[in-house]
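The next block is work-v3.txt, given as compact mmCIF, C-alpha atoms and all ligand atoms.
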```
# COMPACT_ATOMS: atom_id res chain seq x y z
CA MET T 1 -22.01 -35.85 35.24
CA ARG T 2 -21.07 -33.58 38.16
CA VAL T 3 -23.76 -33.69 40.85
CA ALA T 4 -24.16 -31.16 43.66
CA LEU T 5 -26.28 -32.27 46.64
CA VAL T 6 -27.44 -29.11 48.40
CA GLN T 7 -28.42 -29.88 52.00
CA VAL T 8 -30.50 -27.07 53.48
CA ASP T 9 -32.13 -26.40 56.83
CA SER T 10 -35.56 -24.79 57.26
CA PRO T 11 -35.57 -23.03 60.66
CA ALA T 12 -38.97 -22.06 62.06
CA GLY T 13 -39.88 -18.41 61.69
CA GLU T 14 -37.70 -17.71 58.64
CA PRO T 15 -39.84 -15.95 56.02
CA ALA T 16 -40.19 -17.97 52.81
CA GLY T 17 -38.69 -15.23 50.62
CA GLU T 18 -35.60 -14.98 52.83
CA ARG T 19 -35.28 -18.75 52.82
CA ARG T 20 -35.40 -18.92 49.03
CA ALA T 21 -32.74 -16.18 48.84
CA ARG T 22 -30.49 -17.97 51.35
CA VAL T 23 -30.88 -21.31 49.56
CA GLY T 24 -30.21 -19.53 46.26
CA ASP T 25 -26.82 -18.39 47.58
CA LEU T 26 -25.99 -21.98 48.47
CA VAL T 27 -27.15 -23.25 45.07
CA ARG T 28 -25.07 -20.60 43.28
CA SER T 29 -21.99 -21.87 45.11
CA ALA T 30 -22.50 -25.14 43.17
CA GLY T 31 -21.21 -23.37 40.05
CA GLU T 32 -19.60 -26.31 38.24
CA ALA T 33 -22.48 -28.75 38.55
CA ASP T 34 -24.37 -30.49 35.74
CA LEU T 35 -27.14 -31.42 38.18
CA VAL T 36 -28.09 -29.69 41.43
CA VAL T 37 -30.44 -31.52 43.83
CA LEU T 38 -32.34 -30.08 46.80
CA PRO T 39 -34.33 -31.76 49.64
CA GLU T 40 -38.04 -32.34 50.21
CA LEU T 41 -40.34 -29.38 51.09
CA TRP T 42 -37.44 -27.14 52.15
CA ALA T 43 -39.37 -23.92 51.37
CA ALA T 44 -42.25 -24.65 53.77
CA GLY T 45 -40.26 -27.01 56.03
CA TYR T 46 -41.43 -30.64 55.96
CA PHE T 47 -42.34 -30.75 59.67
CA ALA T 48 -43.98 -27.28 59.64
CA PHE T 49 -47.40 -28.85 59.03
CA ASP T 50 -49.30 -25.79 60.30
CA ASP T 51 -47.63 -23.74 57.53
CA TYR T 52 -48.48 -26.02 54.60
CA ALA T 53 -51.67 -24.20 53.61
CA ALA T 54 -50.12 -20.74 53.88
CA GLU T 55 -46.94 -21.75 52.03
CA ALA T 56 -48.71 -23.73 49.28
CA GLU T 57 -47.92 -22.50 45.78
CA ASP T 58 -49.35 -22.80 42.31
CA PHE T 59 -47.24 -25.10 40.14
CA GLU T 60 -45.72 -22.02 38.50
CA GLY T 61 -45.08 -20.44 41.90
CA PRO T 62 -42.09 -18.76 43.58
CA THR T 63 -40.11 -21.96 44.24
CA LEU T 64 -40.31 -23.07 40.61
CA ALA T 65 -39.47 -19.54 39.46
CA ALA T 66 -36.43 -19.38 41.75
CA ALA T 67 -35.20 -22.81 40.62
CA ARG T 68 -35.68 -21.84 36.99
CA GLY T 69 -33.46 -18.81 37.61
CA TRP T 70 -30.77 -20.97 39.27
CA ALA T 71 -30.82 -23.45 36.36
CA GLY T 72 -30.22 -20.62 33.90
CA GLU T 73 -27.53 -18.94 36.00
CA LEU T 74 -25.61 -22.21 36.51
CA ASP T 75 -26.38 -23.64 33.08
CA ALA T 76 -27.26 -26.85 34.97
CA HIS T 77 -30.17 -29.18 35.54
CA VAL T 78 -31.85 -28.33 38.84
CA HIS T 79 -33.98 -30.79 40.76
CA LEU T 80 -35.71 -28.34 43.09
CA GLY T 81 -36.52 -31.01 45.67
CA SER T 82 -40.21 -30.60 46.34
CA PHE T 83 -42.69 -27.93 47.35
CA VAL T 84 -46.31 -27.81 48.60
CA GLU T 85 -48.32 -27.39 45.42
CA ARG T 86 -51.95 -26.23 45.39
CA ASP T 87 -53.87 -27.39 42.32
CA ALA T 88 -56.90 -25.76 40.69
CA ASP T 89 -59.24 -27.78 42.98
CA GLY T 90 -57.46 -26.57 46.10
CA ARG T 91 -55.79 -29.94 46.78
CA LEU T 92 -52.25 -29.88 48.17
CA PHE T 93 -49.49 -32.13 46.83
CA ASN T 94 -45.83 -32.78 47.64
CA THR T 95 -44.50 -31.98 44.17
CA ALA T 96 -40.96 -32.63 42.93
CA VAL T 97 -39.67 -31.04 39.72
CA LEU T 98 -36.58 -31.38 37.51
CA LEU T 99 -35.67 -28.39 35.33
CA SER T 100 -33.34 -28.33 32.34
CA PRO T 101 -30.53 -25.72 32.10
CA GLU T 102 -32.93 -23.76 29.87
CA GLY T 103 -35.49 -23.77 32.69
CA GLU T 104 -37.88 -26.19 31.02
CA VAL T 105 -39.83 -28.58 33.21
CA GLU T 106 -38.44 -32.03 32.38
CA HIS T 107 -39.97 -34.20 35.08
CA VAL T 108 -42.75 -33.83 37.66
CA TYR T 109 -43.46 -36.29 40.46
CA ARG T 110 -46.18 -35.92 43.09
CA LYS T 111 -45.30 -38.03 46.14
CA ILE T 112 -47.30 -41.24 46.08
CA HIS T 113 -46.72 -42.56 49.61
CA VAL T 114 -47.54 -39.64 51.90
CA PHE T 115 -46.23 -40.20 55.43
CA GLY T 116 -48.41 -40.60 58.51
CA TYR T 117 -46.08 -41.81 61.27
CA ARG T 118 -45.59 -38.87 63.66
CA SER T 119 -46.35 -36.77 60.59
CA ARG T 120 -49.45 -34.89 59.38
CA GLU T 121 -48.43 -35.13 55.74
CA ALA T 122 -50.93 -37.93 55.00
CA GLU T 123 -53.72 -35.90 56.61
CA LEU T 124 -52.92 -32.63 54.81
CA LEU T 125 -51.67 -33.64 51.39
CA THR T 126 -53.22 -35.58 48.53
CA ALA T 127 -51.19 -38.55 47.29
CA GLY T 128 -49.99 -38.56 43.69
CA ASP T 129 -50.73 -41.49 41.40
CA ASP T 130 -48.20 -41.24 38.58
CA ALA T 131 -44.52 -42.22 38.46
CA PRO T 132 -43.13 -41.07 35.11
CA VAL T 133 -39.67 -41.55 33.62
CA ALA T 134 -38.21 -38.71 31.52
CA ALA T 135 -35.65 -38.90 28.72
CA THR T 136 -33.28 -35.97 29.38
CA ALA T 137 -29.80 -34.81 28.43
CA ILE T 138 -28.58 -36.46 31.66
CA GLY T 139 -30.23 -39.79 30.81
CA ARG T 140 -33.49 -41.53 31.66
CA VAL T 141 -34.46 -40.02 34.98
CA ALA T 142 -37.23 -40.60 37.52
CA ALA T 143 -37.86 -39.38 41.05
CA THR T 144 -39.46 -40.64 44.22
CA THR T 145 -39.76 -38.71 47.47
CA CYS T 146 -38.45 -39.77 50.90
CA TYR T 147 -40.91 -42.34 52.40
CA ASP T 148 -41.34 -43.80 48.86
CA LEU T 149 -37.94 -45.45 49.48
CA ARG T 150 -39.79 -48.07 51.53
CA PHE T 151 -41.98 -49.27 48.63
CA PRO T 152 -39.92 -51.43 46.26
CA GLU T 153 -42.84 -52.07 43.88
CA LEU T 154 -42.81 -48.37 42.97
CA TRP T 155 -39.11 -48.58 42.20
CA ARG T 156 -39.50 -51.69 40.07
CA SER T 157 -42.16 -49.89 38.04
CA LEU T 158 -39.64 -47.09 37.37
CA VAL T 159 -37.10 -49.60 36.11
CA ASP T 160 -39.78 -51.17 33.93
CA GLY T 161 -40.36 -47.65 32.57
CA GLY T 162 -36.69 -47.37 31.62
CA ALA T 163 -35.25 -45.37 34.55
CA ARG T 164 -31.45 -45.37 34.86
CA THR T 165 -31.09 -42.60 37.47
CA VAL T 166 -33.55 -41.92 40.29
CA ILE T 167 -33.47 -38.68 42.28
CA VAL T 168 -34.79 -38.72 45.86
CA PRO T 169 -35.54 -35.46 47.69
CA ALA T 170 -36.07 -36.20 51.39
CA ALA T 171 -36.79 -34.90 54.86
CA TRP T 172 -35.72 -38.06 56.70
CA PRO T 173 -35.20 -37.78 60.44
CA ALA T 174 -31.84 -38.54 62.07
CA ALA T 175 -33.63 -41.04 64.33
CA ARG T 176 -33.88 -43.47 61.38
CA ARG T 177 -30.60 -42.64 59.62
CA GLU T 178 -29.61 -46.30 59.38
CA HIS T 179 -32.89 -47.00 57.52
CA TRP T 180 -31.97 -44.14 55.17
CA ARG T 181 -28.59 -45.66 54.46
CA LEU T 182 -30.05 -49.13 54.10
CA PHE T 183 -32.88 -48.20 51.73
CA THR T 184 -30.85 -45.87 49.52
CA SER T 185 -28.20 -48.58 49.09
CA CYS T 186 -30.74 -51.36 48.71
CA ARG T 187 -32.84 -49.61 46.04
CA ALA T 188 -29.70 -48.75 44.01
CA VAL T 189 -28.48 -52.37 44.05
CA GLU T 190 -31.88 -54.03 43.65
CA GLU T 191 -32.95 -51.81 40.73
CA GLN T 192 -29.44 -51.46 39.24
CA ILE T 193 -29.67 -47.69 39.04
CA VAL T 194 -27.75 -44.61 40.09
CA LEU T 195 -29.60 -43.24 43.11
CA ILE T 196 -29.11 -39.57 44.01
CA ALA T 197 -30.68 -38.71 47.37
CA CYS T 198 -30.68 -35.26 48.97
CA ASN T 199 -31.88 -34.98 52.58
CA ALA T 200 -32.76 -31.97 54.74
CA VAL T 201 -30.74 -30.97 57.82
CA GLY T 202 -31.31 -28.94 60.97
CA VAL T 203 -34.12 -29.15 63.50
CA GLN T 204 -37.73 -28.59 62.43
CA HIS T 205 -40.36 -28.37 65.15
CA GLY T 206 -38.36 -30.60 67.49
CA VAL T 207 -37.42 -33.16 64.81
CA GLU T 208 -33.74 -33.47 63.88
CA LEU T 209 -33.31 -34.09 60.15
CA GLY T 210 -30.67 -36.63 59.22
CA GLY T 211 -28.68 -35.13 56.32
CA HIS T 212 -26.20 -37.69 54.95
CA SER T 213 -27.34 -37.09 51.40
CA ARG T 214 -25.85 -39.81 49.24
CA VAL T 215 -25.15 -41.05 45.75
CA VAL T 216 -25.07 -44.83 45.32
CA ASP T 217 -24.28 -46.79 42.16
CA PRO T 218 -25.74 -50.16 41.01
CA TRP T 219 -22.89 -52.07 42.69
CA GLY T 220 -23.75 -50.49 46.02
CA THR T 221 -20.71 -48.24 45.94
CA VAL T 222 -21.41 -45.07 47.89
CA LEU T 223 -19.96 -42.45 45.55
CA ALA T 224 -20.59 -39.61 48.02
CA GLU T 225 -22.13 -39.14 51.43
CA ALA T 226 -22.61 -35.78 53.13
CA GLY T 227 -22.48 -35.03 56.83
CA ALA T 228 -25.30 -33.51 58.85
CA GLU T 229 -24.60 -29.81 58.18
CA PRO T 230 -26.03 -27.44 55.57
CA GLY T 231 -23.83 -27.19 52.48
CA VAL T 232 -22.90 -28.65 49.12
CA THR T 233 -21.55 -32.17 48.56
CA TRP T 234 -20.04 -32.95 45.17
CA CYS T 235 -20.04 -36.20 43.28
CA ASP T 236 -18.82 -37.21 39.82
CA VAL T 237 -21.11 -39.87 38.37
CA ASP T 238 -20.58 -41.95 35.24
CA THR T 239 -24.17 -42.94 34.48
CA ALA T 240 -22.95 -45.56 31.95
CA VAL T 241 -22.24 -47.68 35.05
CA VAL T 242 -25.91 -48.67 34.94
CA ASP T 243 -25.69 -50.34 31.52
CA ARG T 244 -22.35 -51.93 32.43
CA ALA T 245 -23.73 -53.35 35.67
CA ARG T 246 -26.89 -54.66 34.01
CA ALA T 247 -24.85 -56.33 31.24
CA GLU T 248 -22.29 -57.86 33.58
CA PHE T 249 -24.73 -59.00 36.29
CA PRO T 250 -28.10 -59.36 34.50
CA VAL T 251 -30.29 -59.99 37.53
CA LEU T 252 -33.22 -58.00 36.11
CA ALA T 253 -33.31 -60.38 33.15
CA ASP T 254 -33.82 -63.32 35.54
CA ARG T 255 -37.20 -62.13 36.82
CA ARG T 256 -39.94 -64.76 36.72
CA GLY T 257 -42.56 -62.77 34.87
CA ASP T 258 -44.44 -66.02 34.23
CA LEU T 259 -45.31 -66.39 37.93
CA PRO T 260 -48.03 -64.33 39.61
CA PHE T 261 -45.86 -62.92 42.41
CA ALA T 262 -43.36 -61.48 39.95
CA GLY T 263 -45.59 -58.55 38.98
CA ASN T 264 -47.89 -56.20 40.88
CA ALA T 265 -51.03 -58.15 40.00
CA PRO T 266 -52.64 -59.83 43.02
CA ALA T 267 -51.87 -63.53 43.18
CA PRO T 268 -54.84 -65.56 41.90
CA HIS T 269 -56.59 -67.68 44.50
CA SER T 270 -58.04 -70.61 42.65
CA GLY T 271 -59.22 -72.28 45.82
CA THR T 272 -57.87 -75.60 44.54
CA ALA T 273 -54.24 -75.50 45.61
CA ALA T 274 -53.36 -76.56 49.11
CA PRO T 275 -51.59 -73.80 51.09
CA ARG T 276 -47.88 -74.29 51.39
CA ALA T 277 -46.66 -75.50 54.76
N1 LIG X 1 -40.57 -37.18 54.83
C1 LIG X 1 -40.78 -38.47 54.89
O1 LIG X 1 -41.41 -39.06 54.02
C2 LIG X 1 -40.21 -39.17 56.09
C3 LIG X 1 -40.10 -40.67 55.90
C4 LIG X 1 -39.49 -41.32 57.10
O2 LIG X 1 -39.11 -40.67 58.06
C5 LIG X 1 -39.33 -42.77 57.10
O3 LIG X 1 -39.75 -43.45 56.16
O4 LIG X 1 -38.78 -43.29 58.11
```
Show me the file's structure as structure tokens.
Ligand SMILES: NC(=O)CCC(=O)C(=O)O
Amino acid sequence: MRVALVQVDSPAGEPAGERRARVGDLVRSAGEADLVVLPELWAAGYFAFDDYAAEAEDFEGPTLAAARGWAGELDAHVHLGSFVERDADGRLFNTAVLLSPEGEVEHVYRKIHVFGYRSREAELLTAGDDAPVAATAIGRVAATTCYDLRFPELWRSLVDGGARTVIVPAAWPAARREHWRLFTSCRAVEEQIVLIACNAVGVQHGVELGGHSRVVDPWGTVLAEAGAEPGVTWCDVDTAVVDRARAEFPVLADRRGDLPFAGNAPAPHSGTAAPRA
């Protein structure tokens, strides 16, 4: 599978239509890709919190329509990153979508862990509550968005659901780039998956985005890592590496599902056992 990571910037003041057209030119330059991946909330700009309400879209809005067009033009899967979605009740979500080359919606993920540190996302957006895994022509795919990288229990649930590849759109600041590298590598190794992470670049409202979009395999091999500029980074991925890694080093099979801490259920407190020293 040929993956194109499309790092885009979202400068303040750029009209949304112009931004979609500019990003479309970049996406079209990824002509040979099987899968094109974009960052988190690039259309509105992740740190443009005052614009969220104005830039919010219906699910079938202009960002999805543009991405559907790109998928058809390139005959490729397009993960559009994410956009600010307004639902029928007026709630706003950070919604990530994967489209097939035919433009069909294959996977939808509404960000579960909305971010509140020097961010108004948690105040403005409603958190999602579902983490599906989709069977697609490019394998069993899931997605999580940016800050979700810090919550391993979410990732383990994706593996339990059969995920082999996880796509991560992000708007991760340069200030914590080493965390970005650490968590993307860690989640790939820990969950024995192919992790495909596309980050935003440029400066948004005084925050420098980190770029360094990456693809990491289950052995921790960094198959590609971008720089900090807008543009396309290519990566050839053999997704069968997941089954090979799980067969050769079957760590997931060694989980202690018989013990309370092994799952997400709260540990029982019988009140009889003495606390461990
Ligand atoms: N867009 C985000 O979710 C940012 C997350 C982040 O900066 C971090 O976890 O650190």
Exercise. Check which residues fall inside 10 Å of ligand LIG 1 (chain X) when counting only C-alpha atoms and all ligand atoms, and print them as a ChimeraX atom specification.
Key: /T:39-41,46-47,94,111,113-119,121-122,145-151,169-180,183,199-200,209-210
Would you kindly return, as a PDB file with C-alpha atoms, keeping the file's coordinate frame, each protein, DNA or RNA residue with an atom no farther than 10 Å from any atom of Val189 of chain T, considering only C-alpha atoms and excluding same-chain residues fewer than 6 positions away?
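Output saved as around-v7.pdb:
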```pdb
ATOM      1  CA  PHE T 183     -32.880 -48.200  51.730  1.00  0.00           C
ATOM      2  CA  LEU T 195     -29.600 -43.240  43.110  1.00  0.00           C
ATOM      3  CA  VAL T 216     -25.070 -44.830  45.320  1.00  0.00           C
ATOM      4  CA  ASP T 217     -24.280 -46.790  42.160  1.00  0.00           C
ATOM      5  CA  PRO T 218     -25.740 -50.160  41.010  1.00  0.00           C
ATOM      6  CA  TRP T 219     -22.890 -52.070  42.690  1.00  0.00           C
ATOM      7  CA  GLY T 220     -23.750 -50.490  46.020  1.00  0.00           C
ATOM      8  CA  THR T 221     -20.710 -48.240  45.940  1.00  0.00           C
ATOM      9  CA  ALA T 245     -23.730 -53.350  35.670  1.00  0.00           C
TER      10      ALA T 245
END
```
Quiz item: segment 3-6 of chain T: which residues within 10 Å, counting all atoms listed in the file, same-chain residues fewer than 3 positions away excluded, as a count of residues only?
Solution: 41
Quiz item: Using only C-alpha atoms, which of the listed residues (T:Glu208, T:Glu104, T:Asp243, T:Glu229) sits closest to Ile193 of chain T?
Solution: T:Asp243
Exercise. For atom CA of Val166 of chain T and atom CA of Pro152 of chain T, determine how far apart the two atoms are, in Å to one decimal place.
Key: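 So the answer is 12.9 Å.
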Quiz item: Contacts of Ala96 of chain T at 7 Å or less, counting all atoms listed in the file, minus same-chain residues fewer than 5 places along, as a VMD selection string?
Solution: chain T and resid 80 to 83 108 to 110
Exercise. Record the distance separating atom CA of Arg91 of chain T and atom CA of Leu64 of chain T, expressed in Å with one decimal.
Key: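 Distance between the two atoms: 18.0 Å.
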Practice problem: Report the distance between atom CA of Ala163 of chain T and atom CA of Ile138 of chain T in Å, rounded to one decimal place. | Solution: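 One can read the atom CA of Ala163 of chain T to atom CA of Ile138 of chain T distance as 11.5 Å.
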Find the nearest atom pair between each residue of segment 65-102 of chain T and segment 56-59 of chain T for residues within 10 Å, count all atoms listed in the file, give distances in Å to one decimal, sort rows by chain and ascending number, and present the table as a Markdown table.
```
| residue | atom | partner | partner_atom | distance |
| --- | --- | --- | --- | --- |
| T:Ala65 | CA | T:Phe59 | CA | 9.6 |
| T:Phe83 | CA | T:Ala56 | CA | 7.6 |
| T:Val84 | CA | T:Ala56 | CA | 4.8 |
| T:Glu85 | CA | T:Glu57 | CA | 4.9 |
| T:Arg86 | CA | T:Asp58 | CA | 5.3 |
| T:Asp87 | CA | T:Asp58 | CA | 6.4 |
| T:Ala88 | CA | T:Asp58 | CA | 8.3 |
| T:Gly90 | CA | T:Asp58 | CA | 9.7 |
| T:Arg91 | CA | T:Ala56 | CA | 9.7 |
| T:Leu92 | CA | T:Ala56 | CA | 7.2 |
| T:Phe93 | CA | T:Ala56 | CA | 8.8 |
| T:Asn94 | CA | T:Ala56 | CA | 9.6 |
| T:Thr95 | CA | T:Phe59 | CA | 8.4 |
| T:Val97 | CA | T:Phe59 | CA | 9.6 |
```
Quiz prompt | Which residue of T:Arg181, T:Arg164, T:Arg244, T:Arg20 approaches Gly45 of chain T most closely, using all atoms listed in the file | solution = T:Arg20
Quiz prompt | Nearest residue to Leu125 of chain T from the set T:Phe249, T:Trp155, T:Gln192, T:Ala53 (distances using all atoms listed in the file) | solution =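 Among T:Phe249, T:Trp155, T:Gln192, T:Ala53, it is T:Ala53 that comes nearest to Leu125 of chain T.
The closest residue to Val201 of chain T, picked from T:Ser185, T:Ser10, T:Thr63, T:Thr239 and counting all atoms listed in the file, is T:Ser10.
For the residues T:Asp238, T:Ala16, T:Arg140, T:Ala247, ranking by smallest atom-to-atom distance to Tyr52 of chain T using all atoms listed in the file places T:Ala16 first.
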Quiz prompt | Who sits within 9 Å of Gly17 of chain T, all atoms listed in the file, same chain under 4 positions skipped, as number ranges by chain | solution = T: 21-22, 43, 62
